[in-house]
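Data first, discussion second: the structure below is written as structure tokens.
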Amino acid sequence: MRLKVMALAILLPLAACKQQPSSELPGAVNAERILAANPDEWLSYGRTYDEQRHSPLDQINKETVKDLGLAWFADLDTARGQEATPLAIDGKIYITTAWSKAKAYDALTGKLEWEYDPKVPGERGVAACCDVVNRGMAAWGDKLFMGTLDGRLVALDRKTGKEVWSVVTLDQSKPYTITGAPRVINGMVLIGNGGAEMGVRGFLTAYDADSGKQLWRFYSVPDEPGKNTDEHLIKAESTWKGEWWKLGGGGTMWDAMAYDPELDLLYVGVGNGSPWNQHFRSQGEGDNLYLSSIVALRPKTGEYVWHFQTTPGETWDYTATQHIMLADLTIGGAKRKVLMQAPKNGFFFVLDRTDGKLISANNYVPVNWATGFDLKTGRPIENPDARYYRTGKLWLGSPGPIGAHNWHPMAFDPKEGLVYIPAINSAFPFIHKPDWKPNKHGFNVGLDLASGAMPADAKTRADAIAATTGELIAWDPVAQKARWTIKYPASWNGGLLATAGGLLFQGNAGGEFAAMDSATGKKLWSFQAQTGVVAPASTFRVKGEQYVAVLAGWGGAWPLAGGLVAEPVGPVRNHSRLLVFKLGGTAKLPDPGPHNVPPLDPPTLTGTPEQVADGARNFGQFCGVCHGDAAIGTGVTRDLRRAGSLGDAKMWNQIVIGGALAQNGMISWKEELNDQQAENLRQYVIKRAHEDKALGMK
Ligand code: CA
């Protein structure tokens with residue numbers, strides 16, 4: 001099989017694959033079909049193994065896009081973040097949604113063919129740092145594969161949606177989650193996991209697509225010395241200090257993968273350290289391999305081939321799990337096989353993907369943790385003030401932990417030679433917490449998360465909002481500079497799709513799904529989706545007509561945790577839907593009616609200043625990551641300042657301590673908080689609501 005694949009790869013270089021067969025290719029998905037990348041279909045997460053998210057289809061183009069309209073839509077049964085890329089195979093669309101559900105539709109009519117619910121226990125929601133999202137499926141043979149939030153890898157029959165096999169890929173007693181899309185290489189399904197905010201050790205596992213049998217497992221960080229048998233882990237031991245294995249170490253591989261069939265190399269992005277603060281993880285010393293690295297593996301065995309570390313001694317949640325994209329670029333007159341990534345740390349990396357050597361790096365947004373990269377050593381030139389655990393001082397880091405770029409896929413336009421980055425400008429107060437101890441539930445990052453909360457001060461707020469923006473950057477990876485940019489008031493801007501029609505599709509927090517001219521960024525078309533759109537679109541062709549499909553629905557880490565700066569315009573309505581467009585489409589979304597947000601009408605504050613201060617500390621530690629910094633919710637989970645339970649101490653206690661809403665992901669916190677502390681949280685939120693009302697919030 002592999003020889004055949006390699007031969008095909010030589011005959012059909014992925015970038016040059018422009019043929020557009022008119023007939024559909026019903027039947028099994030195999031290596032030939034994935035490599036042929038028929039533009040009529042969207043067979044894998046990033047469309048092709050190089051993950052360029054560029055479609056050769058051009059029926060919808062700069063001239064015709066004005067006639068693009070909604071062909072049909074389907075309402076979803078979950079109102080949390082929707083991040084999946086729709087697959088399009090044999091005239092059907094396959095999506096995953098929040099809470100790891102899957103659905104199949106007829107691409108022409110929108111008829112629901114089947115749906116699948118793995119029944120993830122609601123309590124698992126608390127282990128998810130960044131919403132109960134799922135980014136999609138992989139296809140092989142007559143099956144589809146998806147991860148579930150509670151760590152299962154499931155194979156579904158593509159025709160019926162029935163479960164064929166299911167394996168638990170991780171230790172479910174630990175706060176692991178799966179949100180990323182699996183990939184398939186030659187009958188092997190690859191899946192990682194998340195959880196490095198909570199305290200876990202990352203790995204990637206390969207399973208046999210037919211049987212679900214485990215084939216190999218690659219750990220990204222070493223276990224306790226003496227327990228490591230893999231050579232790459234034994235080598236990594238000396239880059240760690242202390243007893244990192246007790247806290248997990250981190251390095252979860254929760255999103256990015258790409259594959260080069262000619263080199264037969266699988267590229268995977270590795271996440272941040274666990275805990276974030278390197279002082280607690282590794283006595284503040286060492287590179288801590290292979291955190292925040294891009295690793296190249298031999299897919300057949302999972303054997304380590306090379307790595308490039310984007311952030312040595314990671315201590316700011318600077319993951320390198322962001323989109324990995326492969327392309328062949330002419331650099332300095334020579335054709336180079338490159339790998340490109342815009343990780344959280346704000347630098348755009350161009351690597352030689354044959355050996356992992358750094359070709360170039362430049363910051364794509366303003367950053368202050370490093371002034372640049374030394375191309376000889378491949379290491380950053382760090383600002384010593386950024387290591388907050390050494391200085392003991394607050395470090396206002398740019399980017400913050402949300403990154404200069406998060407999971408939102410980029411796209412490539414080979415004609416323009418541009419990589420489009422959905423980027424974020426944000427800062428975050430990193431505050432060392434000398435007396436930090438890990439908790440059983442919630443974030444375990446080794447920082448004081450409470451003291452940096454947004455103050456109730458109009459000027460500070462206005463400055464923070466102004467400094468926190470989103471940006472669509474058209475980046476020239478050869479020149480390492482932006483050709484054009486579009487600024488957004490909200491930071492969380494959507495994933496991307498580029499097409500040979502000269503178009504770039506993107507959604508945003510304002511509920512807009514738009515098409516831009518990929519050469520200039522000029523907006524040529526837009527659709528009001530009535531909700532925030534963060535997922536990337538895919539495109540395909542059925543019976544001669546090109547379609548664009550995208551999931552609408554608001555959520556993810558930043559809308560959950562970012563508070564005021566995540567959504568400066570106020571709560572975004574969340575109405576999750578699959579939207580499918582074609583030229584001449586005439587479907588209309590129903591009138592959504594007014595966006596009713598409960599008023600800011602808090603009860604009288606009865607708590608003492610000491611109670612409020614205690615509530616503020618625990619809110620920062622346990623609550624803010626899902627209910628918003630300083631209790632300013634943006635509409636994904638309950639905005640507690642507006643919650644009915646705020647005026648009902650008994651109901652509040654039943655939720656916070658009694659676990660009355662555990663099935664929604666709001667677990668009981670009785671292992672961390674007593675009744676008085678829960679009441680103090682309520683008093684803190686009452687105080688916050690009064691402060692915001694006084695500042696003019698409604
Ligand atoms: Ca992280």
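Ordering of the structure tokens sets the chain letters (A, B, ...), residue numbers begin anew at 1 in every chain, and ligands are numbered from 1 in the order given.
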DSSP-assigned strand (DSSP E) members of region 76-198 of chain A, reported as a CSV table (one decimal) with all heavy atoms, in the first residue's frame:
```
chain,number,residue,atom,x,y,z
A,87,LEU,N,-17.0,17.8,6.4
A,87,LEU,CA,-16.5,16.9,5.4
A,87,LEU,C,-17.6,16.8,4.3
A,87,LEU,O,-18.8,16.8,4.6
A,87,LEU,CB,-16.1,15.5,5.9
A,87,LEU,CG,-15.0,15.4,6.9
A,87,LEU,CD1,-14.7,14.0,7.2
A,87,LEU,CD2,-13.8,16.2,6.5
A,88,ALA,N,-17.2,16.6,3.0
A,88,ALA,CA,-18.2,16.4,1.9
A,88,ALA,C,-17.7,15.2,1.1
A,88,ALA,O,-16.6,15.3,0.5
A,88,ALA,CB,-18.3,17.6,1.1
A,89,ILE,N,-18.5,14.1,1.2
A,89,ILE,CA,-18.1,12.9,0.6
A,89,ILE,C,-19.3,12.3,-0.1
A,89,ILE,O,-20.4,12.1,0.5
A,89,ILE,CB,-17.6,11.8,1.6
A,89,ILE,CG1,-16.5,12.5,2.5
A,89,ILE,CG2,-17.0,10.6,0.9
A,89,ILE,CD1,-16.1,11.6,3.7
A,92,LYS,N,-22.7,13.8,0.4
A,92,LYS,CA,-23.2,14.0,1.8
A,92,LYS,C,-22.3,14.9,2.6
A,92,LYS,O,-21.1,15.0,2.3
A,92,LYS,CB,-23.2,12.6,2.5
A,92,LYS,CG,-24.0,11.5,1.8
A,92,LYS,CD,-25.5,11.7,2.0
A,92,LYS,CE,-26.3,10.5,1.4
A,92,LYS,NZ,-26.5,10.6,-0.1
A,93,ILE,N,-22.8,15.6,3.6
A,93,ILE,CA,-22.0,16.4,4.5
A,93,ILE,C,-22.0,15.8,5.8
A,93,ILE,O,-23.0,15.4,6.3
A,93,ILE,CB,-22.6,17.8,4.6
A,93,ILE,CG1,-22.6,18.5,3.2
A,93,ILE,CG2,-21.8,18.7,5.6
A,93,ILE,CD1,-23.3,19.9,3.2
A,94,TYR,N,-20.8,15.7,6.4
A,94,TYR,CA,-20.6,15.1,7.8
A,94,TYR,C,-20.0,16.2,8.7
A,94,TYR,O,-19.0,16.8,8.4
A,94,TYR,CB,-19.7,13.9,7.7
A,94,TYR,CG,-20.2,12.9,6.7
A,94,TYR,CD1,-19.7,12.8,5.4
A,94,TYR,CD2,-21.3,12.0,7.1
A,94,TYR,CE1,-20.2,11.8,4.5
A,94,TYR,CE2,-21.8,11.0,6.2
A,94,TYR,CZ,-21.2,11.0,4.9
A,94,TYR,OH,-21.7,10.0,4.0
A,95,ILE,N,-20.7,16.4,9.8
A,95,ILE,CA,-20.2,17.4,10.8
A,95,ILE,C,-20.2,16.8,12.2
A,95,ILE,O,-20.9,15.8,12.5
A,95,ILE,CB,-21.0,18.7,10.8
A,95,ILE,CG1,-22.5,18.4,11.2
A,95,ILE,CG2,-21.0,19.4,9.5
A,95,ILE,CD1,-23.3,19.6,11.6
A,96,THR,N,-19.3,17.4,13.0
A,96,THR,CA,-19.4,17.1,14.5
A,96,THR,C,-19.8,18.5,15.1
A,96,THR,O,-19.6,19.5,14.5
A,96,THR,CB,-18.1,16.7,15.1
A,96,THR,OG1,-17.1,17.7,14.9
A,96,THR,CG2,-17.7,15.3,14.5
A,102,ALA,N,-22.4,13.9,16.2
A,102,ALA,CA,-22.1,13.9,14.7
A,102,ALA,C,-23.5,13.9,14.0
A,102,ALA,O,-24.5,13.3,14.5
A,102,ALA,CB,-21.3,12.7,14.4
A,103,LYS,N,-23.4,14.5,12.8
A,103,LYS,CA,-24.7,14.5,11.9
A,103,LYS,C,-24.2,14.4,10.5
A,103,LYS,O,-23.2,14.9,10.1
A,103,LYS,CB,-25.4,15.8,12.2
A,103,LYS,CG,-26.0,15.9,13.6
A,103,LYS,CD,-26.7,17.2,13.9
A,103,LYS,CE,-26.9,17.4,15.4
A,103,LYS,NZ,-27.7,16.5,16.1
A,104,ALA,N,-25.1,13.7,9.7
A,104,ALA,CA,-24.9,13.6,8.3
A,104,ALA,C,-26.1,14.2,7.5
A,104,ALA,O,-27.3,14.0,7.9
A,104,ALA,CB,-24.7,12.1,7.9
A,105,TYR,N,-25.9,14.9,6.5
A,105,TYR,CA,-26.9,15.6,5.7
A,105,TYR,C,-26.7,15.3,4.2
A,105,TYR,O,-25.6,15.1,3.7
A,105,TYR,CB,-26.9,17.1,5.9
A,105,TYR,CG,-27.1,17.5,7.3
A,105,TYR,CD1,-26.0,17.7,8.1
A,105,TYR,CD2,-28.4,17.8,7.8
A,105,TYR,CE1,-26.2,18.2,9.4
A,105,TYR,CE2,-28.5,18.3,9.1
A,105,TYR,CZ,-27.4,18.4,9.9
A,105,TYR,OH,-27.6,18.9,11.2
A,106,ASP,N,-27.8,15.2,3.5
A,106,ASP,CA,-27.8,15.2,2.0
A,106,ASP,C,-27.3,16.6,1.6
A,106,ASP,O,-27.9,17.6,2.0
A,106,ASP,CB,-29.1,14.9,1.4
A,106,ASP,CG,-29.1,14.8,-0.1
A,106,ASP,OD1,-29.0,15.9,-0.7
A,106,ASP,OD2,-29.0,13.7,-0.6
A,112,LEU,N,-31.6,15.5,6.9
A,112,LEU,CA,-30.8,14.8,7.9
A,112,LEU,C,-30.8,13.3,7.6
A,112,LEU,O,-31.8,12.7,7.6
A,112,LEU,CB,-31.3,15.1,9.3
A,112,LEU,CG,-30.6,14.5,10.4
A,112,LEU,CD1,-29.2,15.1,10.7
A,112,LEU,CD2,-31.4,14.5,11.7
A,113,GLU,N,-29.6,12.8,7.4
A,113,GLU,CA,-29.5,11.3,7.0
A,113,GLU,C,-29.4,10.5,8.3
A,113,GLU,O,-29.9,9.4,8.4
A,113,GLU,CB,-28.2,11.1,6.1
A,113,GLU,CG,-28.3,11.9,4.8
A,113,GLU,CD,-28.9,11.1,3.7
A,113,GLU,OE1,-28.9,9.8,3.8
A,113,GLU,OE2,-29.5,11.7,2.8
A,114,TRP,N,-28.6,10.9,9.2
A,114,TRP,CA,-28.4,10.3,10.5
A,114,TRP,C,-27.8,11.2,11.5
A,114,TRP,O,-27.2,12.2,11.1
A,114,TRP,CB,-27.7,8.9,10.4
A,114,TRP,CG,-26.3,9.0,9.8
A,114,TRP,CD1,-26.0,8.5,8.5
A,114,TRP,CD2,-25.1,9.4,10.3
A,114,TRP,NE1,-24.6,8.6,8.3
A,114,TRP,CE2,-24.0,9.2,9.4
A,114,TRP,CE3,-24.7,10.0,11.6
A,114,TRP,CZ2,-22.7,9.5,9.6
A,114,TRP,CZ3,-23.4,10.3,11.8
A,114,TRP,CH2,-22.4,10.1,10.8
A,115,GLU,N,-27.9,10.9,12.8
A,115,GLU,CA,-27.2,11.6,13.8
A,115,GLU,C,-26.7,10.6,14.8
A,115,GLU,O,-27.3,9.5,15.0
A,115,GLU,CB,-28.0,12.7,14.4
A,115,GLU,CG,-29.4,12.4,14.9
A,115,GLU,CD,-30.2,13.6,15.2
A,115,GLU,OE1,-29.7,14.6,15.5
A,115,GLU,OE2,-31.5,13.5,15.1
A,116,TYR,N,-25.6,11.0,15.5
A,116,TYR,CA,-25.0,10.1,16.5
A,116,TYR,C,-24.6,11.0,17.7
A,116,TYR,O,-24.1,12.1,17.6
A,116,TYR,CB,-23.7,9.6,15.9
A,116,TYR,CG,-22.8,8.9,16.9
A,116,TYR,CD1,-23.1,7.6,17.4
A,116,TYR,CD2,-21.6,9.5,17.4
A,116,TYR,CE1,-22.3,7.0,18.3
A,116,TYR,CE2,-20.8,8.9,18.3
A,116,TYR,CZ,-21.1,7.7,18.8
A,116,TYR,OH,-20.3,7.1,19.7
A,138,ALA,N,-12.6,12.3,10.5
A,138,ALA,CA,-11.7,11.8,9.5
A,138,ALA,C,-12.5,10.6,8.8
A,138,ALA,O,-13.3,10.0,9.4
A,138,ALA,CB,-10.4,11.3,10.0
A,139,ALA,N,-12.1,10.4,7.5
A,139,ALA,CA,-12.8,9.3,6.8
A,139,ALA,C,-11.8,8.3,6.3
A,139,ALA,O,-10.7,8.7,5.8
A,139,ALA,CB,-13.6,9.9,5.6
A,140,TRP,N,-12.1,7.0,6.3
A,140,TRP,CA,-11.3,6.0,5.7
A,140,TRP,C,-12.3,4.8,5.5
A,140,TRP,O,-13.1,4.5,6.3
A,140,TRP,CB,-10.2,5.6,6.6
A,140,TRP,CG,-9.3,4.6,6.0
A,140,TRP,CD1,-9.3,3.2,6.1
A,140,TRP,CD2,-8.2,4.9,5.1
A,140,TRP,NE1,-8.3,2.7,5.3
A,140,TRP,CE2,-7.6,3.7,4.7
A,140,TRP,CE3,-7.7,6.1,4.6
A,140,TRP,CZ2,-6.5,3.6,3.8
A,140,TRP,CZ3,-6.6,6.0,3.7
A,140,TRP,CH2,-6.0,4.8,3.3
A,143,LYS,N,-15.9,4.1,6.8
A,143,LYS,CA,-16.1,4.6,8.2
A,143,LYS,C,-15.7,6.1,8.3
A,143,LYS,O,-15.0,6.6,7.5
A,143,LYS,CB,-15.3,3.8,9.2
A,143,LYS,CG,-15.6,2.3,9.3
A,143,LYS,CD,-14.8,1.7,10.4
A,143,LYS,CE,-14.8,0.2,10.3
A,143,LYS,NZ,-14.1,-0.3,9.1
A,144,LEU,N,-16.3,6.7,9.4
A,144,LEU,CA,-15.9,8.0,9.8
A,144,LEU,C,-15.3,7.8,11.2
A,144,LEU,O,-15.8,7.0,12.0
A,144,LEU,CB,-17.1,8.9,9.8
A,144,LEU,CG,-17.7,9.2,8.5
A,144,LEU,CD1,-19.1,9.9,8.7
A,144,LEU,CD2,-16.8,10.1,7.6
A,145,PHE,N,-14.4,8.7,11.6
A,145,PHE,CA,-13.8,8.6,12.9
A,145,PHE,C,-13.8,10.0,13.6
A,145,PHE,O,-13.6,11.0,13.0
A,145,PHE,CB,-12.3,8.2,12.8
A,145,PHE,CG,-12.1,6.9,12.0
A,145,PHE,CD1,-11.9,7.0,10.6
A,145,PHE,CD2,-12.2,5.7,12.6
A,145,PHE,CE1,-11.8,5.9,9.8
A,145,PHE,CE2,-12.1,4.5,11.8
A,145,PHE,CZ,-11.9,4.6,10.4
A,146,MET,N,-14.2,9.9,14.9
A,146,MET,CA,-14.2,11.2,15.7
A,146,MET,C,-13.8,10.9,17.1
A,146,MET,O,-13.9,9.8,17.7
A,146,MET,CB,-15.6,11.8,15.7
A,146,MET,CG,-16.6,11.0,16.3
A,146,MET,SD,-18.3,11.8,16.3
A,146,MET,CE,-17.9,13.2,17.5
A,147,GLY,N,-13.2,11.9,17.8
A,147,GLY,CA,-12.9,11.9,19.2
A,147,GLY,C,-14.1,12.4,20.0
A,147,GLY,O,-14.9,13.1,19.5
A,152,ARG,N,-12.9,9.1,24.1
A,152,ARG,CA,-13.1,8.0,23.3
A,152,ARG,C,-12.7,8.3,21.8
A,152,ARG,O,-12.9,9.4,21.4
A,152,ARG,CB,-14.5,7.5,23.3
A,152,ARG,CG,-14.9,6.8,24.6
A,152,ARG,CD,-16.4,6.6,24.6
A,152,ARG,NE,-17.2,7.7,25.1
A,152,ARG,CZ,-18.5,7.9,25.0
A,152,ARG,NH1,-19.2,7.0,24.3
A,152,ARG,NH2,-19.1,9.0,25.4
A,153,LEU,N,-12.2,7.3,21.1
A,153,LEU,CA,-12.2,7.4,19.6
A,153,LEU,C,-13.2,6.5,19.1
A,153,LEU,O,-13.2,5.3,19.4
A,153,LEU,CB,-10.8,7.0,19.1
A,153,LEU,CG,-10.6,7.1,17.6
A,153,LEU,CD1,-10.7,8.5,17.0
A,153,LEU,CD2,-9.3,6.4,17.2
A,154,VAL,N,-14.1,7.0,18.2
A,154,VAL,CA,-15.2,6.2,17.8
A,154,VAL,C,-15.2,6.1,16.3
A,154,VAL,O,-14.9,7.1,15.6
A,154,VAL,CB,-16.5,7.0,18.2
A,154,VAL,CG1,-17.8,6.2,17.7
A,154,VAL,CG2,-16.6,7.2,19.7
A,155,ALA,N,-15.5,4.9,15.8
A,155,ALA,CA,-15.6,4.7,14.3
A,155,ALA,C,-17.1,4.5,14.0
A,155,ALA,O,-17.8,3.7,14.7
A,155,ALA,CB,-14.9,3.4,13.9
A,156,LEU,N,-17.6,5.3,13.1
A,156,LEU,CA,-19.0,5.2,12.7
A,156,LEU,C,-19.1,4.7,11.3
A,156,LEU,O,-18.3,5.0,10.4
A,156,LEU,CB,-19.6,6.6,12.7
A,156,LEU,CG,-19.6,7.3,14.1
A,156,LEU,CD1,-20.2,8.7,13.9
A,156,LEU,CD2,-20.3,6.6,15.2
A,157,ASP,N,-20.2,3.9,11.0
A,157,ASP,CA,-20.5,3.5,9.6
A,157,ASP,C,-21.0,4.8,8.9
A,157,ASP,O,-21.9,5.4,9.3
A,157,ASP,CB,-21.6,2.5,9.7
A,157,ASP,CG,-22.0,2.0,8.3
A,157,ASP,OD1,-22.4,2.8,7.5
A,157,ASP,OD2,-21.8,0.8,8.1
A,163,GLU,N,-22.4,3.1,15.4
A,163,GLU,CA,-21.0,2.9,16.0
A,163,GLU,C,-20.5,1.5,15.5
A,163,GLU,O,-21.2,0.5,15.8
A,163,GLU,CB,-21.1,3.0,17.5
A,163,GLU,CG,-19.8,3.3,18.2
A,163,GLU,CD,-20.0,3.5,19.7
A,163,GLU,OE1,-20.5,4.6,20.0
A,163,GLU,OE2,-19.6,2.6,20.4
A,164,VAL,N,-19.3,1.5,14.9
A,164,VAL,CA,-18.7,0.2,14.5
A,164,VAL,C,-17.7,-0.3,15.6
A,164,VAL,O,-17.7,-1.4,16.0
A,164,VAL,CB,-17.9,0.4,13.2
A,164,VAL,CG1,-17.3,-1.0,12.8
A,164,VAL,CG2,-18.9,0.9,12.1
A,165,TRP,N,-16.9,0.7,16.1
A,165,TRP,CA,-16.1,0.4,17.3
A,165,TRP,C,-15.8,1.6,18.1
A,165,TRP,O,-16.0,2.7,17.5
A,165,TRP,CB,-14.8,-0.4,17.0
A,165,TRP,CG,-13.9,0.2,15.9
A,165,TRP,CD1,-13.7,-0.2,14.6
A,165,TRP,CD2,-12.9,1.3,16.1
A,165,TRP,NE1,-12.8,0.5,14.0
A,165,TRP,CE2,-12.3,1.5,14.9
A,165,TRP,CE3,-12.6,2.1,17.2
A,165,TRP,CZ2,-11.3,2.5,14.7
A,165,TRP,CZ3,-11.6,3.1,17.0
A,165,TRP,CH2,-11.0,3.3,15.8
A,166,SER,N,-15.4,1.5,19.3
A,166,SER,CA,-15.1,2.6,20.2
A,166,SER,C,-14.0,2.2,21.1
A,166,SER,O,-14.1,1.1,21.7
A,166,SER,CB,-16.4,3.0,20.9
A,166,SER,OG,-16.1,4.0,21.9
A,167,VAL,N,-13.0,3.0,21.2
A,167,VAL,CA,-11.9,2.7,22.2
A,167,VAL,C,-11.7,3.9,23.1
A,167,VAL,O,-11.8,5.1,22.7
A,167,VAL,CB,-10.6,2.4,21.5
A,167,VAL,CG1,-10.7,1.0,20.8
A,167,VAL,CG2,-10.1,3.5,20.6
A,168,VAL,N,-11.4,3.6,24.4
A,168,VAL,CA,-11.1,4.7,25.3
A,168,VAL,C,-9.6,4.9,25.1
A,168,VAL,O,-8.8,4.0,25.3
A,168,VAL,CB,-11.4,4.3,26.8
A,168,VAL,CG1,-10.9,5.4,27.7
A,168,VAL,CG2,-12.9,4.1,26.9
A,183,ARG,N,-6.8,12.3,12.1
A,183,ARG,CA,-6.4,12.2,10.8
A,183,ARG,C,-6.2,10.7,10.5
A,183,ARG,O,-5.9,9.9,11.4
A,183,ARG,CB,-5.1,12.9,10.5
A,183,ARG,CG,-5.0,14.3,11.0
A,183,ARG,CD,-5.9,15.3,10.3
A,183,ARG,NE,-5.5,16.7,10.5
A,183,ARG,CZ,-5.7,17.4,11.6
A,183,ARG,NH1,-6.4,16.9,12.6
A,183,ARG,NH2,-5.3,18.7,11.6
A,184,VAL,N,-6.2,10.3,9.2
A,184,VAL,CA,-6.0,8.9,8.8
A,184,VAL,C,-4.9,8.9,7.8
A,184,VAL,O,-4.9,9.6,6.8
A,184,VAL,CB,-7.3,8.3,8.2
A,184,VAL,CG1,-7.0,6.8,7.8
A,184,VAL,CG2,-8.4,8.3,9.2
A,185,ILE,N,-3.9,8.0,8.0
A,185,ILE,CA,-2.9,7.8,7.1
A,185,ILE,C,-2.8,6.3,6.8
A,185,ILE,O,-2.6,5.5,7.8
A,185,ILE,CB,-1.5,8.3,7.6
A,185,ILE,CG1,-1.5,9.8,7.8
A,185,ILE,CG2,-0.4,7.9,6.6
A,185,ILE,CD1,-0.3,10.3,8.5
A,188,MET,N,-4.5,4.0,9.3
A,188,MET,CA,-4.2,4.3,10.7
A,188,MET,C,-4.9,5.5,11.1
A,188,MET,O,-4.7,6.6,10.4
A,188,MET,CB,-2.7,4.5,10.9
A,188,MET,CG,-1.9,3.3,11.2
A,188,MET,SD,-0.2,3.7,11.6
A,188,MET,CE,0.0,5.2,10.6
A,189,VAL,N,-5.6,5.5,12.2
A,189,VAL,CA,-6.3,6.7,12.7
A,189,VAL,C,-5.5,7.3,13.8
A,189,VAL,O,-5.1,6.6,14.8
A,189,VAL,CB,-7.7,6.4,13.3
A,189,VAL,CG1,-8.5,7.6,13.5
A,189,VAL,CG2,-8.5,5.4,12.3
A,190,LEU,N,-5.2,8.6,13.7
A,190,LEU,CA,-4.3,9.3,14.7
A,190,LEU,C,-5.1,10.3,15.5
A,190,LEU,O,-5.9,11.0,14.9
A,190,LEU,CB,-3.2,10.1,13.9
A,190,LEU,CG,-2.4,9.2,13.0
A,190,LEU,CD1,-1.9,10.0,11.8
A,190,LEU,CD2,-1.3,8.5,13.8
A,191,ILE,N,-5.0,10.2,16.8
A,191,ILE,CA,-5.7,11.1,17.7
A,191,ILE,C,-4.9,11.5,18.9
A,191,ILE,O,-4.2,10.7,19.5
A,191,ILE,CB,-7.1,10.4,18.1
A,191,ILE,CG1,-8.0,11.4,18.8
A,191,ILE,CG2,-6.8,9.2,19.0
A,191,ILE,CD1,-8.7,12.4,17.9
```
Worksheet entry | Contacts of Ile686 (chain A) within 12 Å, only C-alpha atoms, excl. fewer than 2 positions in-chain, as a PyMOL selection string | chain A and resi 600-608+611-612+615-616+630-632+639-649+679-684+688-693
Discussion item. Neighbours of ligand 1 at 12 Å or closer, counting only C-alpha atoms and all ligand atoms: which residues, as a ChimeraX atom specification?
Written reply: /A:128-130,193-200,202,249-255,270-277,291-292,314-322,343-345,400-403,406-407,443-445,557-558
Restricting to only C-alpha atoms, whichever of A:Thr78, A:Gln278, A:Gln528, A:Thr634 is closest to Pro312 (chain A) is A:Gln278
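Shell of Trp240 (chain A) at 7 Å, with only C-alpha atoms counted and residues fewer than 6 places along the chain excluded, is Ser282, Gly286 and Asn288 of chain A.
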Keeping N, CA and C atoms, export the residues of the selection given above as a CSV table (one decimal), in the first residue's frame.
```csv
chain,number,residue,atom,x,y,z
A,282,SER,N,9.3,22.7,36.5
A,282,SER,CA,10.7,22.2,36.2
A,282,SER,C,11.7,23.1,36.9
A,286,GLY,N,15.5,24.7,32.1
A,286,GLY,CA,15.5,23.7,31.1
A,286,GLY,C,14.6,24.0,29.9
A,288,ASN,N,12.7,21.8,28.5
A,288,ASN,CA,11.5,21.0,28.7
A,288,ASN,C,10.9,20.4,27.4
```
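Across region 387-442 of chain A, DSSP run on the backbone finds alpha helix (DSSP H) at Tyr388, Tyr389, Arg390 and Thr391 of chain A.
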Min atom-atom distance to Leu68 (chain A) from the set A:Arg281, A:Thr637, A:Leu524, A:Gln654, counting only C-alpha atoms, belongs to A:Leu524
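Atom pair CA of Phe430 (chain A) / CA of Ile667 (chain A) has a distance of 27.1 Å (rounded to one decimal).
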Name the residues in contact with Lys337 (chain A) at a cut-off of 8 Å, using only C-alpha atoms, excluding same-chain residues fewer than 6 positions from it; report them as a list in words.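 The neighbour list is Leu326, Ala327, Asp328, Leu329, Asp352, Arg353 and Thr354 of chain A.
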Residues within 6 Å of Tyr420 (chain A), only C-alpha atoms, excluding chain neighbours under 4 positions, as an MDAnalysis selection string:
chainID A and resid 410:411 473:475
Can those selected residues be exported to a file as a PDB file, in the first residue's frame so that it contains N, CA and C atoms?
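File produced: selection-v5.pdb:
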```pdb
ATOM      1  N   MET A 410      -5.730  28.407   9.368  1.00  0.00           N
ATOM      2  CA  MET A 410      -5.276  29.361   8.361  1.00  0.00           C
ATOM      3  C   MET A 410      -5.694  28.800   6.993  1.00  0.00           C
ATOM      4  N   ALA A 411      -5.337  29.498   5.925  1.00  0.00           N
ATOM      5  CA  ALA A 411      -5.520  28.968   4.569  1.00  0.00           C
ATOM      6  C   ALA A 411      -4.378  29.514   3.722  1.00  0.00           C
ATOM      7  N   ILE A 473      -4.680  38.461   8.793  1.00  0.00           N
ATOM      8  CA  ILE A 473      -3.399  38.884   8.206  1.00  0.00           C
ATOM      9  C   ILE A 473      -3.107  38.052   6.964  1.00  0.00           C
ATOM     10  N   ALA A 474      -2.872  38.724   5.837  1.00  0.00           N
ATOM     11  CA  ALA A 474      -2.399  38.054   4.624  1.00  0.00           C
ATOM     12  C   ALA A 474      -0.872  38.099   4.665  1.00  0.00           C
ATOM     13  N   TRP A 475      -0.281  36.960   5.019  1.00  0.00           N
ATOM     14  CA  TRP A 475       1.152  36.924   5.332  1.00  0.00           C
ATOM     15  C   TRP A 475       1.938  36.330   4.173  1.00  0.00           C
TER      16      TRP A 475
END
```
Out of A:Gly665, A:Glu32, A:Gly532, A:Thr468, which residue has the shortest atom-to-atom distance to Leu149 (chain A) when counting only C-alpha atoms?
->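 Under the stated criterion, the closest residue is A:Gly665.
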